[in-house]
file input_9.csv (CSV, C-alpha atoms)
chain,number,residue,atom,x,y,z
P,1,MET,CA,104.2,138.3,81.8
P,2,ARG,CA,105.8,141.1,79.7
P,3,LYS,CA,103.7,144.1,78.7
P,4,ALA,CA,103.5,143.1,75.0
P,5,GLU,CA,102.2,139.7,76.0
P,6,THR,CA,99.6,141.3,78.2
P,7,LEU,CA,98.4,143.5,75.4
P,8,CYS,CA,98.2,140.4,73.2
P,9,CYS,CA,96.0,138.7,75.7
P,10,LEU,CA,93.7,141.7,76.1
P,11,THR,CA,93.4,142.1,72.4
P,12,LEU,CA,92.5,138.5,72.0
P,13,ALA,CA,89.9,138.8,74.7
P,14,GLY,CA,88.4,141.9,73.2
P,15,CYS,CA,88.2,140.5,69.8
P,16,LEU,CA,86.6,137.3,71.0
P,17,MET,CA,83.9,139.3,72.8
P,18,ILE,CA,83.2,141.4,69.7
P,19,ILE,CA,83.0,138.4,67.5
P,20,LEU,CA,80.7,136.5,69.8
P,21,MET,CA,78.4,139.5,70.3
P,22,SER,CA,78.3,140.2,66.6
P,23,ALA,CA,77.5,136.6,65.8
P,24,ALA,CA,74.7,136.6,68.4
P,25,GLU,CA,73.2,139.8,66.9
P,26,GLY,CA,73.6,138.5,63.3
P,27,GLN,CA,76.0,141.3,62.4
P,28,PRO,CA,79.1,141.0,60.3
P,29,ALA,CA,82.4,141.0,62.2
P,30,THR,CA,84.9,141.0,59.4
P,31,HIS,CA,87.2,143.7,60.9
P,32,GLU,CA,87.0,142.2,64.4
P,33,ALA,CA,87.7,138.8,62.9
P,34,ASP,CA,90.8,140.2,61.3
P,35,ASN,CA,91.9,141.6,64.7
P,36,PHE,CA,91.2,138.3,66.4
P,37,ALA,CA,93.2,136.4,63.7
P,38,ARG,CA,96.2,138.7,64.3
P,39,ALA,CA,96.0,138.4,68.1
P,40,TYR,CA,95.6,134.7,68.1
P,41,GLY,CA,98.3,134.3,65.4
P,42,GLU,CA,100.7,136.2,67.7
P,43,PHE,CA,99.9,133.9,70.6
P,44,LYS,CA,100.1,130.8,68.4
P,45,LYS,CA,103.6,131.9,67.2
P,46,ASN,CA,104.8,132.3,70.8
P,47,TYR,CA,103.2,129.0,71.7
P,48,GLN,CA,104.9,127.0,69.0
P,49,ASP,CA,108.3,128.8,69.3
P,50,GLU,CA,108.4,128.4,73.0
P,51,LEU,CA,107.7,124.7,72.8
P,52,ARG,CA,110.1,124.1,69.9
P,53,ARG,CA,113.1,125.5,71.7
P,54,PRO,CA,113.2,123.0,74.7
P,55,GLY,CA,112.2,120.1,72.4
P,56,VAL,CA,108.6,119.5,73.2
P,57,VAL,CA,107.4,116.9,70.7
P,58,GLY,CA,103.6,117.5,70.7
P,59,SER,CA,100.9,119.6,72.4
P,60,SER,CA,97.2,120.5,72.1
P,61,LEU,CA,95.2,123.5,73.4
P,62,PHE,CA,91.5,124.4,73.6
P,63,PHE,CA,89.8,127.5,74.8
P,64,ILE,CA,86.1,127.0,75.6
P,65,ARG,CA,83.4,129.6,76.1
P,66,ASP,CA,79.7,128.8,76.6
P,67,ASN,CA,80.3,125.2,75.8
P,68,GLN,CA,82.0,126.0,72.4
P,69,VAL,CA,85.6,125.9,71.4
P,70,ILE,CA,86.6,129.4,70.5
P,71,ALA,CA,90.3,128.8,69.8
P,72,LYS,CA,92.4,125.7,69.4
P,73,ASP,CA,95.9,124.7,68.3
P,74,PHE,CA,97.8,121.5,67.7
P,75,TYR,CA,101.5,121.4,67.7
P,76,GLY,CA,104.1,118.9,66.7
P,77,LEU,CA,104.0,115.1,66.6
P,78,ALA,CA,102.0,112.4,68.4
P,79,ASP,CA,104.6,109.8,67.3
P,80,ALA,CA,108.1,111.1,66.5
P,81,GLN,CA,109.3,107.8,65.1
P,82,GLN,CA,106.5,107.6,62.6
P,83,ASN,CA,106.3,111.3,62.0
P,84,ARG,CA,102.6,111.3,62.8
P,85,PRO,CA,101.3,114.8,63.6
P,86,VAL,CA,99.1,115.8,66.5
P,87,ASP,CA,95.6,116.5,65.4
P,88,GLU,CA,92.1,116.9,66.9
P,89,ASP,CA,91.7,113.2,67.4
P,90,THR,CA,95.0,112.7,69.2
P,91,ILE,CA,94.6,110.8,72.5
P,92,TYR,CA,96.7,111.9,75.4
P,93,HIS,CA,97.3,110.5,78.9
P,94,TRP,CA,95.7,112.9,81.5
P,95,ALA,CA,97.5,111.6,84.6
P,96,SER,CA,96.3,113.2,87.8
P,97,ILE,CA,93.3,115.0,86.2
P,98,THR,CA,91.9,111.5,86.8
P,99,LYS,CA,91.6,112.4,90.4
P,100,THR,CA,88.7,114.7,89.6
P,101,PHE,CA,86.8,111.8,88.2
P,102,THR,CA,87.6,109.8,91.3
P,103,GLY,CA,86.2,112.7,93.5
P,104,ILE,CA,83.1,112.9,91.4
P,105,ALA,CA,82.6,109.1,91.8
P,106,ILE,CA,82.9,109.4,95.6
P,107,MET,CA,80.3,112.2,95.6
P,108,GLN,CA,78.0,110.1,93.5
P,109,LEU,CA,78.1,107.4,96.1
P,110,ARG,CA,77.6,109.9,98.8
P,111,ASP,CA,74.6,111.4,97.1
P,112,ARG,CA,73.2,107.9,96.7
P,113,GLY,CA,73.4,107.3,100.4
P,114,LEU,CA,76.2,104.6,100.2
P,115,LEU,CA,78.7,106.6,102.2
P,116,LYS,CA,79.3,109.7,104.2
P,117,LEU,CA,82.3,112.0,103.9
P,118,ASP,CA,82.9,111.8,107.6
P,119,ASP,CA,83.0,108.0,107.5
P,120,PRO,CA,86.3,106.5,108.8
P,121,VAL,CA,88.4,105.2,105.9
P,122,ILE,CA,89.1,102.0,107.9
P,123,LYS,CA,85.4,101.2,107.6
P,124,TYR,CA,86.0,100.4,104.0
P,125,VAL,CA,89.8,99.9,104.0
P,126,PRO,CA,90.5,97.9,107.2
P,127,GLU,CA,94.0,97.2,106.0
P,128,LEU,CA,94.9,100.7,107.0
P,129,LYS,CA,94.7,99.7,110.7
P,130,ALA,CA,98.2,98.4,110.2
P,131,ALA,CA,99.6,101.9,109.4
P,132,HIS,CA,101.6,103.9,112.0
P,133,ASN,CA,99.7,106.9,113.3
P,134,PRO,CA,101.4,108.8,116.1
P,135,TYR,CA,98.5,111.3,116.2
P,136,GLY,CA,95.8,109.0,117.3
P,137,ASP,CA,93.7,106.1,116.1
P,138,MET,CA,93.4,105.4,112.4
P,139,SER,CA,89.6,105.7,112.7
P,140,GLY,CA,90.1,109.4,112.9
P,141,ILE,CA,91.0,109.6,109.2
P,142,THR,CA,87.9,110.2,107.1
P,143,ILE,CA,87.0,110.0,103.4
P,144,LYS,CA,86.9,113.8,103.4
P,145,HIS,CA,90.5,113.9,104.5
P,146,LEU,CA,91.4,111.7,101.5
P,147,LEU,CA,89.5,114.0,99.1
P,148,THR,CA,91.3,117.1,100.5
P,149,HIS,CA,94.8,115.5,100.7
P,150,SER,CA,94.8,116.2,104.4
P,151,ALA,CA,95.0,112.7,105.9
P,152,GLY,CA,98.8,112.9,106.4
P,153,PHE,CA,99.9,110.2,104.0
P,154,ARG,CA,103.0,110.3,101.9
P,155,ASN,CA,103.1,111.8,98.4
P,156,SER,CA,104.3,108.8,96.3
P,157,THR,CA,102.8,105.4,95.8
P,158,TRP,CA,106.0,103.5,96.2
P,159,THR,CA,108.2,103.9,99.3
P,160,TRP,CA,111.3,103.9,97.0
P,161,ARG,CA,112.2,105.4,93.7
P,162,ASP,CA,110.5,104.0,90.6
P,163,GLY,CA,112.9,101.7,88.7
P,164,ASP,CA,113.6,101.8,85.0
P,165,LYS,CA,114.1,98.1,84.4
P,166,ASP,CA,111.8,96.4,81.9
P,167,TRP,CA,110.8,93.9,84.6
P,168,GLN,CA,109.8,96.5,87.1
P,169,PRO,CA,106.1,97.5,87.0
P,170,PHE,CA,105.2,101.1,86.2
P,171,GLU,CA,102.9,101.1,89.2
P,172,PRO,CA,101.8,98.4,91.6
P,173,PRO,CA,99.5,96.1,89.6
P,174,ARG,CA,97.5,94.6,92.5
P,175,TRP,CA,95.8,95.8,95.7
P,176,GLU,CA,97.6,93.1,97.7
P,177,GLN,CA,100.9,94.9,97.0
P,178,ILE,CA,99.4,98.2,98.4
P,179,ALA,CA,98.1,96.3,101.4
P,180,ALA,CA,101.4,94.7,102.0
P,181,MET,CA,103.0,98.2,102.4
P,182,MET,CA,100.5,99.2,105.2
P,183,PRO,CA,102.8,98.2,108.1
P,184,TYR,CA,105.4,100.4,106.5
P,185,THR,CA,103.0,103.4,106.0
P,186,GLU,CA,103.2,106.3,108.4
P,187,VAL,CA,100.9,109.3,109.0
P,188,PHE,CA,103.1,112.3,108.9
P,189,PHE,CA,100.9,115.0,110.5
P,190,LYS,CA,97.7,115.3,112.4
P,191,PRO,CA,94.9,114.4,110.0
P,192,GLY,CA,92.7,117.3,109.0
P,193,SER,CA,95.3,119.9,110.1
P,194,ARG,CA,96.8,120.8,106.7
P,195,PHE,CA,97.2,119.9,103.0
P,196,SER,CA,99.9,117.6,101.6
P,197,TYR,CA,99.4,116.0,98.2
P,198,SER,CA,99.0,112.2,98.5
P,199,ASN,CA,98.7,109.6,95.7
P,200,PRO,CA,98.1,106.7,98.1
P,201,GLY,CA,95.1,108.6,99.6
P,202,VAL,CA,93.4,108.6,96.2
P,203,ILE,CA,94.2,104.9,95.8
P,204,TYR,CA,92.2,104.3,98.9
P,205,LEU,CA,89.3,106.3,97.4
P,206,GLY,CA,89.5,104.0,94.4
P,207,ARG,CA,89.3,101.0,96.6
P,208,ILE,CA,86.2,102.4,98.3
P,209,ILE,CA,84.5,102.9,94.9
P,210,GLU,CA,85.2,99.3,94.0
P,211,LEU,CA,84.0,97.8,97.3
P,212,LEU,CA,80.7,99.8,97.3
P,213,SER,CA,79.9,99.5,93.6
P,214,HIS,CA,81.1,95.9,93.1
P,215,ASP,CA,82.7,97.1,89.9
P,216,ASP,CA,86.3,97.6,89.0
P,217,TYR,CA,87.2,101.3,89.2
P,218,GLU,CA,87.5,101.6,85.4
P,219,VAL,CA,84.1,99.9,84.9
P,220,TYR,CA,82.4,102.1,87.4
P,221,ILE,CA,83.8,105.4,85.9
P,222,ASP,CA,82.9,104.2,82.4
P,223,LYS,CA,79.3,103.4,83.5
P,224,ASN,CA,78.7,106.4,85.6
P,225,ILE,CA,80.7,109.2,84.0
P,226,LEU,CA,82.2,108.4,80.6
P,227,LYS,CA,79.2,106.8,78.9
P,228,PRO,CA,76.6,109.3,80.2
P,229,LEU,CA,78.8,112.2,78.9
P,230,GLU,CA,79.3,110.3,75.6
P,231,MET,CA,83.1,110.2,76.1
P,232,HIS,CA,83.5,107.3,73.7
P,233,ARG,CA,87.2,107.9,73.1
P,234,SER,CA,88.2,107.8,76.7
P,235,PHE,CA,89.6,104.7,78.5
P,236,PHE,CA,92.0,103.6,81.1
P,237,ASP,CA,95.5,102.2,80.5
P,238,ALA,CA,95.8,99.9,77.4
P,239,THR,CA,94.4,101.5,74.3
P,240,PRO,CA,91.6,99.7,72.4
P,241,TYR,CA,92.9,98.4,69.1
P,242,HIS,CA,90.6,100.7,67.0
P,243,LEU,CA,92.0,103.8,68.7
P,244,LEU,CA,95.8,103.0,68.5
P,245,LYS,CA,96.2,105.1,65.4
P,246,HIS,CA,95.2,108.1,67.5
P,247,ARG,CA,97.2,107.4,70.7
P,248,SER,CA,100.1,109.7,71.5
P,249,HIS,CA,103.5,108.5,72.5
P,250,SER,CA,105.3,110.3,75.3
P,251,TYR,CA,108.8,111.7,75.7
P,252,TYR,CA,111.4,113.0,78.2
P,253,VAL,CA,113.9,115.7,77.3
P,254,ARG,CA,117.0,116.0,79.5
P,255,ASP,CA,120.0,118.1,78.6
P,256,GLY,CA,118.8,118.3,75.0
P,257,LYS,CA,118.5,114.5,74.7
P,258,ARG,CA,115.1,112.9,74.0
P,259,THR,CA,114.0,109.5,75.2
P,260,THR,CA,110.7,107.7,74.8
P,261,GLY,CA,108.3,107.0,77.7
P,262,ARG,CA,106.5,103.7,78.2
P,263,PHE,CA,103.8,103.3,75.6
P,264,ASP,CA,100.4,102.5,77.1
P,265,ALA,CA,101.9,102.3,80.6
P,266,ASP,CA,99.7,100.3,83.1
P,267,THR,CA,98.8,102.3,86.1
P,268,GLY,CA,97.6,99.2,87.8
P,269,VAL,CA,96.0,99.6,91.2
P,270,THR,CA,96.8,103.3,91.1
P,271,VAL,CA,94.4,103.9,88.2
P,272,SER,CA,92.2,106.1,90.3
P,273,ASN,CA,95.2,108.4,90.6
P,274,GLY,CA,96.0,108.8,87.0
P,275,GLY,CA,94.9,106.2,84.6
P,276,LEU,CA,92.7,108.2,82.2
P,277,ASN,CA,93.4,108.6,78.5
P,278,ALA,CA,91.2,110.7,76.2
P,279,SER,CA,91.0,112.8,73.2
P,280,LEU,CA,90.5,116.6,73.5
P,281,PRO,CA,86.9,116.5,72.1
P,282,ASP,CA,86.1,114.0,74.9
P,283,MET,CA,87.8,116.2,77.5
P,284,LEU,CA,85.6,119.1,76.1
P,285,LYS,CA,82.5,117.0,76.9
P,286,TYR,CA,83.9,116.7,80.5
P,287,VAL,CA,84.6,120.4,80.7
P,288,ASN,CA,81.1,121.2,79.4
P,289,PHE,CA,79.6,119.0,82.1
P,290,LEU,CA,81.6,120.9,84.7
P,291,LEU,CA,80.6,124.3,83.3
P,292,GLY,CA,77.0,123.3,82.9
P,293,ASP,CA,74.7,123.7,79.9
P,294,PRO,CA,70.9,124.4,80.2
P,295,LYS,CA,70.3,122.2,77.1
P,296,LYS,CA,71.9,119.2,78.7
P,297,GLN,CA,71.4,119.9,82.4
P,298,ALA,CA,69.1,116.9,82.9
P,299,ILE,CA,71.9,114.6,81.6
P,300,TYR,CA,74.5,116.4,83.7
P,301,ASP,CA,72.4,116.2,86.8
P,302,GLY,CA,72.2,112.4,86.2
P,303,VAL,CA,76.0,112.3,86.6
P,304,LEU,CA,76.2,114.7,89.5
P,305,LYS,CA,73.9,117.5,90.8
P,306,ARG,CA,75.1,121.0,90.2
P,307,ALA,CA,74.9,121.7,93.9
P,308,THR,CA,77.3,118.8,94.6
P,309,LEU,CA,79.8,120.1,92.1
P,310,GLU,CA,79.7,123.5,93.7
P,311,GLU,CA,80.3,121.8,97.1
P,312,MET,CA,83.4,120.2,95.6
P,313,TRP,CA,84.7,123.7,94.7
P,314,GLN,CA,84.6,125.1,98.2
P,315,PRO,CA,88.1,125.8,99.7
P,316,GLN,CA,89.1,123.5,102.5
P,317,PHE,CA,92.9,124.0,103.0
P,318,THR,CA,95.6,126.3,101.5
P,319,ALA,CA,97.6,124.3,99.0
P,320,ALA,CA,100.1,126.8,97.6
P,321,GLY,CA,103.8,126.0,98.3
P,322,ASP,CA,103.1,122.3,98.1
P,323,TYR,CA,101.2,122.2,94.8
P,324,THR,CA,100.9,124.3,91.7
P,325,GLN,CA,98.6,124.1,88.7
P,326,GLY,CA,101.1,125.8,86.4
P,327,TRP,CA,100.7,129.2,87.9
P,328,MET,CA,101.6,130.3,91.4
P,329,ASN,CA,99.1,132.0,93.7
P,330,GLU,CA,99.8,132.1,97.4
P,331,ASP,CA,96.0,131.6,98.1
P,332,THR,CA,95.6,128.5,96.0
P,333,ALA,CA,93.3,126.1,97.9
P,334,VAL,CA,92.2,122.6,97.7
P,335,GLY,CA,88.5,121.6,97.7
P,336,LEU,CA,87.1,118.1,97.3
P,337,SER,CA,89.5,116.7,94.6
P,338,PHE,CA,89.7,120.1,92.8
P,339,PHE,CA,92.1,123.0,93.3
P,340,ILE,CA,90.7,126.5,93.6
P,341,ASP,CA,91.9,130.1,93.0
P,342,ASP,CA,89.8,133.2,93.8
P,343,ILE,CA,91.2,136.0,91.6
P,344,GLU,CA,89.6,139.4,90.9
P,345,GLY,CA,86.2,138.3,92.1
P,346,ARG,CA,86.2,135.1,90.0
P,347,ARG,CA,86.6,131.5,91.2
P,348,TYR,CA,88.8,129.3,89.1
P,349,VAL,CA,88.9,125.5,89.6
P,350,GLY,CA,90.9,122.8,88.0
P,351,HIS,CA,93.7,120.2,88.3
P,352,ASN,CA,96.9,119.3,86.5
P,353,GLY,CA,98.6,116.0,85.7
P,354,ASP,CA,102.1,114.7,85.2
P,355,GLN,CA,103.0,111.1,84.5
P,356,ASN,CA,105.1,109.1,82.1
P,357,GLY,CA,106.2,112.2,80.1
P,358,PHE,CA,102.7,113.6,79.7
P,359,ARG,CA,101.7,117.0,81.3
P,360,SER,CA,98.2,118.3,81.4
P,361,TYR,CA,96.3,121.3,82.7
P,362,LEU,CA,92.6,121.8,83.1
P,363,SER,CA,91.3,125.2,84.3
P,364,LEU,CA,87.8,126.6,84.3
P,365,CYS,CA,85.8,129.6,85.5
P,366,PRO,CA,82.3,128.3,86.1
P,367,SER,CA,80.7,131.7,86.7
P,368,ALA,CA,81.9,132.9,83.3
P,369,ARG,CA,81.4,129.5,81.7
P,370,THR,CA,85.0,129.6,80.2
P,371,ALA,CA,87.8,127.0,80.4
P,372,SER,CA,91.1,126.0,78.9
P,373,ILE,CA,92.6,122.6,78.3
P,374,LEU,CA,96.4,122.3,77.7
P,375,VAL,CA,98.3,119.1,77.3
P,376,PHE,CA,101.9,118.1,76.3
P,377,ASN,CA,103.3,114.7,75.4
P,378,THR,CA,106.7,115.7,76.6
P,379,GLU,CA,108.3,116.5,80.0
P,380,THR,CA,111.3,118.7,79.7
P,381,ARG,CA,112.1,119.1,83.4
P,382,PRO,CA,111.4,116.7,86.3
P,383,THR,CA,108.2,117.7,88.2
P,384,ILE,CA,108.3,118.4,91.9
P,385,ASN,CA,105.3,119.6,93.8
P,386,GLY,CA,106.1,123.2,94.8
P,387,PRO,CA,107.6,126.4,93.3
P,388,GLN,CA,110.3,124.5,91.4
P,389,ASN,CA,107.5,123.2,89.2
P,390,LEU,CA,107.1,126.7,87.7
P,391,LEU,CA,110.5,126.6,86.0
P,392,SER,CA,109.6,124.2,83.2
P,393,PRO,CA,108.6,125.4,79.7
P,394,GLU,CA,105.4,123.5,80.1
P,395,SER,CA,104.5,125.3,83.3
P,396,LYS,CA,105.4,128.7,81.8
P,397,MET,CA,103.1,128.0,78.9
P,398,ALA,CA,100.4,126.9,81.3
P,399,ARG,CA,100.6,130.3,83.1
P,400,LYS,CA,100.3,132.1,79.8
P,401,VAL,CA,97.2,130.1,78.9
P,402,PHE,CA,95.8,130.8,82.3
P,403,LYS,CA,96.4,134.5,81.8
P,404,LEU,CA,94.5,134.3,78.5
P,405,LEU,CA,91.7,132.5,80.3
P,406,GLN,CA,91.6,135.3,82.9
P,407,SER,CA,91.4,137.9,80.2
P,408,LEU,CA,88.3,136.3,78.8
P,409,GLN,CA,86.6,136.9,82.2
P,410,ARG,CA,87.5,140.6,82.2
P,411,ALA,CA,85.9,141.0,78.8
P,412,ARG,CA,82.5,139.6,79.9

call {"tool": "encode", "arguments": {"input": "input_9.csv", "output": "structure tokens"}}
result
Amino acid sequence: MRKAETLCCLTLAGCLMIILMSAAEGQPATHEADNFARAYGEFKKNYQDELRRPGVVGSSLFFIRDNQVIAKDFYGLADAQQNRPVDEDTIYHWASITKTFTGIAIMQLRDRGLLKLDDPVIKYVPELKAAHNPYGDMSGITIKHLLTHSAGFRNSTWTWRDGDKDWQPFEPPRWEQIAAMMPYTEVFFKPGSRFSYSNPGVIYLGRIIELLSHDDYEVYIDKNILKPLEMHRSFFDATPYHLLKHRSHSYYVRDGKRTTGRFDADTGVTVSNGGLNASLPDMLKYVNFLLGDPKKQAIYDGVLKRATLEEMWQPQFTAAGDYTQGWMNEDTAVGLSFFIDDIEGRRYVGHNGDQNGFRSYLSLCPSARTASILVFNTETRPTINGPQNLLSPESKMARKVFKLLQSLQRAR
């Protein structure tokens, strides 16, 4: 980050603090508000200019502090063909941020006594007995290994590249297709020895949720997370008819040429990996649950106890080099479905997502009760787990947003 950009971030943080303190004391903050408007205006200009150049079609951004949105921006179009602009009601696809919902569901079942994190996965997914494990018996792979991406399974769902034919499914639609691949599934390293991001591992977690709850994954998450948090504009895969007018399309930009992604792509049996669609106000409700709120803590504890959330945010394995959240920190770690960075005495947790042209970033600092939500409906560069992922305009913007989030902590 250049010096001028750093000063902009610090000015924004300072103005935000003054405004919030003045508001709390009932004092006028006209001058400070003017400073804040200038600082945020500078950031907003950079934000929009830097997205316009590579051809990003649409994007939204929230900064949250003490359960309130303190800054927000909406850029571009949700539907380029119809020239429909992005607004506060725009519904995006959140891709792998879904994995944090899956992790919370598993911890709910653990807290209800229906499973243990050290349970062998084959206790619930016996089909995995057919996989090849040169490091020992498959009973040695536990639910905790799946939550921490340390079971040794491959990254991608398919064992071949995704096709682009109309008749080819976006993802496997049925569990039987995943089970049929078990004899062609290999464990690549000793389970529990290190981190390696794995989508199939999270599919197995989704299977466990369904078997223990006797509900489809989507139904379970709706009953146990979305409805209690009043996330009424959140859903999986196909958009309800009454919300279609708010649904964002998605796009790819390659060598200056824009193409359209599949609308309402069906994530099929991989829904526990990345099937969530939601508006930003709904994602704010999820963030506020993660941050906590004394006024709503009884409701939040009914979803998941605070102590269990904090358990999920304990580092288990180093993840940097294999995975990035839009910034690069050599000490980035994985917890139970969340990624973790300890920076300047603060713990940041979050996840990102990338699928079907959508890219999303969720970051929060629970101790300071601050967070940022950033999402794009355009992918301008193919995403690969690792340092190469930092080169896209979306990742560069995510790092700037994260720097702004960090500056809010310094001001507290």

call {"tool": "atom_distance", "arguments": {"input": "input_9.csv", "atom1": "atom CA of P:Arg262", "atom2": "atom CA of P:Asp79"}}
result
12.6 Å

call {"tool": "closest_residue", "arguments": {"input": "input_9.csv", "among": "P:Tyr220, P:Tyr124, P:Phe263, P:Tyr252", "to": "P:Arg359", "atoms": "all atoms listed in the file"}}
result
P:Tyr252

call {"tool": "closest_atom_pairs", "arguments": {"input": "input_9.csv", "of": "stretch 255-350 of chain P", "to": "stretch 364-372 of chain P", "cutoff": "7 Å", "atoms": "all atoms listed in the file", "output": "Markdown table"}}
result
| residue | atom | partner | partner_atom | distance |
| --- | --- | --- | --- | --- |
| P:Leu291 | CA | P:Pro366 | CA | 5.2 |
| P:Arg347 | CA | P:Cys365 | CA | 6.1 |
| P:Tyr348 | CA | P:Cys365 | CA | 4.7 |
| P:Val349 | CA | P:Leu364 | CA | 5.5 |
| P:Gly350 | CA | P:Leu364 | CA | 6.1 |

call {"tool": "residues_around", "arguments": {"input": "input_9.csv", "residues": "P:Thr157", "least_positions_apart": "3", "cutoff": "8 Å", "atoms": "all atoms listed in the file", "output": "ChimeraX atom specification"}}
result
/P:154,171,199-200,270

call {"tool": "residues_around", "arguments": {"input": "input_9.csv", "residues": "P:Glu394", "least_positions_apart": "6", "cutoff": "8 Å", "atoms": "all atoms listed in the file", "output": "PyMOL selection string"}}
result
chain P and resi 51+326+359+376+379-380

call {"tool": "closest_residue", "arguments": {"input": "input_9.csv", "among": "P:Ile373, P:Ile178, P:Leu226, P:Leu276", "to": "P:Ile97", "atoms": "all atoms listed in the file"}}
result
P:Leu276

call {"tool": "atom_distance", "arguments": {"input": "input_9.csv", "atom1": "atom CA of P:Ala265", "atom2": "atom CA of P:Asn83"}}
result
21.1 Å

call {"tool": "atom_distance", "arguments": {"input": "input_9.csv", "atom1": "atom CA of P:Asp266", "atom2": "atom CA of P:Asp237"}}
result
5.3 Å

call {"tool": "closest_residue", "arguments": {"input": "input_9.csv", "among": "P:Arg254, P:Ala398, P:Phe338, P:Arg65", "to": "P:Glu311", "atoms": "only C-alpha atoms"}}
result
P:Phe338

call {"tool": "residues_around", "arguments": {"input": "input_9.csv", "residues": "P:Ser279", "least_positions_apart": "3", "cutoff": "6 Å", "atoms": "all atoms listed in the file", "output": "ChimeraX atom specification"}}
result
/P:89-91,282

call {"tool": "closest_residue", "arguments": {"input": "input_9.csv", "among": "P:Tyr217, P:Phe289, P:Phe317, P:Trp175", "to": "P:Leu304", "atoms": "all atoms listed in the file"}}
result
P:Phe289

call {"tool": "residues_near_point", "arguments": {"input": "input_9.csv", "point": "(99.0, 117.6, 85.0)", "cutoff": "12 Å", "atoms": "only C-alpha atoms", "output": "PyMOL selection string"}}
result
chain P and resi 92-100+273-274+276+323-326+350-363+373-379+383-385+389+394-395+398

call {"tool": "closest_residue", "arguments": {"input": "input_9.csv", "among": "P:Gly103, P:Pro294, P:Pro393, P:Gly275", "to": "P:Thr148", "atoms": "only C-alpha atoms"}}
result
P:Gly103

call {"tool": "closest_residue", "arguments": {"input": "input_9.csv", "among": "P:Gln82, P:Asn67, P:Thr102, P:Asn46", "to": "P:Val271", "atoms": "all atoms listed in the file"}}
result
P:Thr102

call {"tool": "residues_around", "arguments": {"input": "input_9.csv", "residues": "stretch 206-214 of chain P", "least_positions_apart": "3", "cutoff": "12 Å", "atoms": "all atoms listed in the file", "output": "PyMOL selection string"}}
result
chain P and resi 98-110+112-117+119-128+142-143+146-147+174-176+178-179+199-203+217-221+223-224+268-275

call {"tool": "residues_around", "arguments": {"input": "input_9.csv", "residues": "P:Asp73", "least_positions_apart": "6", "cutoff": "7 Å", "atoms": "all atoms listed in the file", "output": "JSON, numbers by chain"}}
result
{"P": [60, 61, 62]}

call {"tool": "build_atoms", "arguments": {"input": "input_9.csv", "residues": "stretch 358-370 of chain P", "atoms": "N, CA and C atoms", "output": "compact mmCIF listing (two decimals), in the coordinates of the input"}}
result
# COMPACT_ATOMS: atom_id res chain seq x y z
N PHE P 358 103.81 112.80 80.05
CA PHE P 358 102.70 113.60 79.70
C PHE P 358 102.48 114.71 80.81
N ARG P 359 102.10 115.92 80.39
CA ARG P 359 101.70 117.00 81.30
C ARG P 359 100.45 117.63 80.85
N SER P 360 99.50 117.79 81.76
CA SER P 360 98.20 118.30 81.40
C SER P 360 97.66 119.29 82.37
N TYR P 361 96.85 120.24 81.87
CA TYR P 361 96.30 121.30 82.70
C TYR P 361 94.86 121.57 82.32
N LEU P 362 94.01 121.52 83.32
CA LEU P 362 92.60 121.80 83.10
C LEU P 362 92.20 122.94 84.06
N SER P 363 91.67 124.02 83.50
CA SER P 363 91.30 125.20 84.30
C SER P 363 89.93 125.68 83.78
N LEU P 364 89.07 126.06 84.71
CA LEU P 364 87.80 126.60 84.30
C LEU P 364 87.29 127.64 85.28
N CYS P 365 86.50 128.55 84.75
CA CYS P 365 85.80 129.60 85.50
C CYS P 365 84.33 129.35 85.40
N PRO P 366 83.73 128.62 86.32
CA PRO P 366 82.30 128.30 86.10
C PRO P 366 81.37 129.45 86.02
N SER P 367 81.62 130.52 86.76
CA SER P 367 80.70 131.70 86.70
C SER P 367 80.69 132.34 85.37
N ALA P 368 81.82 132.30 84.66
CA ALA P 368 81.90 132.90 83.30
C ALA P 368 81.73 131.88 82.23
N ARG P 369 81.63 130.61 82.61
CA ARG P 369 81.40 129.50 81.70
C ARG P 369 82.55 129.48 80.61
N THR P 370 83.78 129.63 81.10
CA THR P 370 85.00 129.60 80.20
C THR P 370 85.94 128.57 80.81
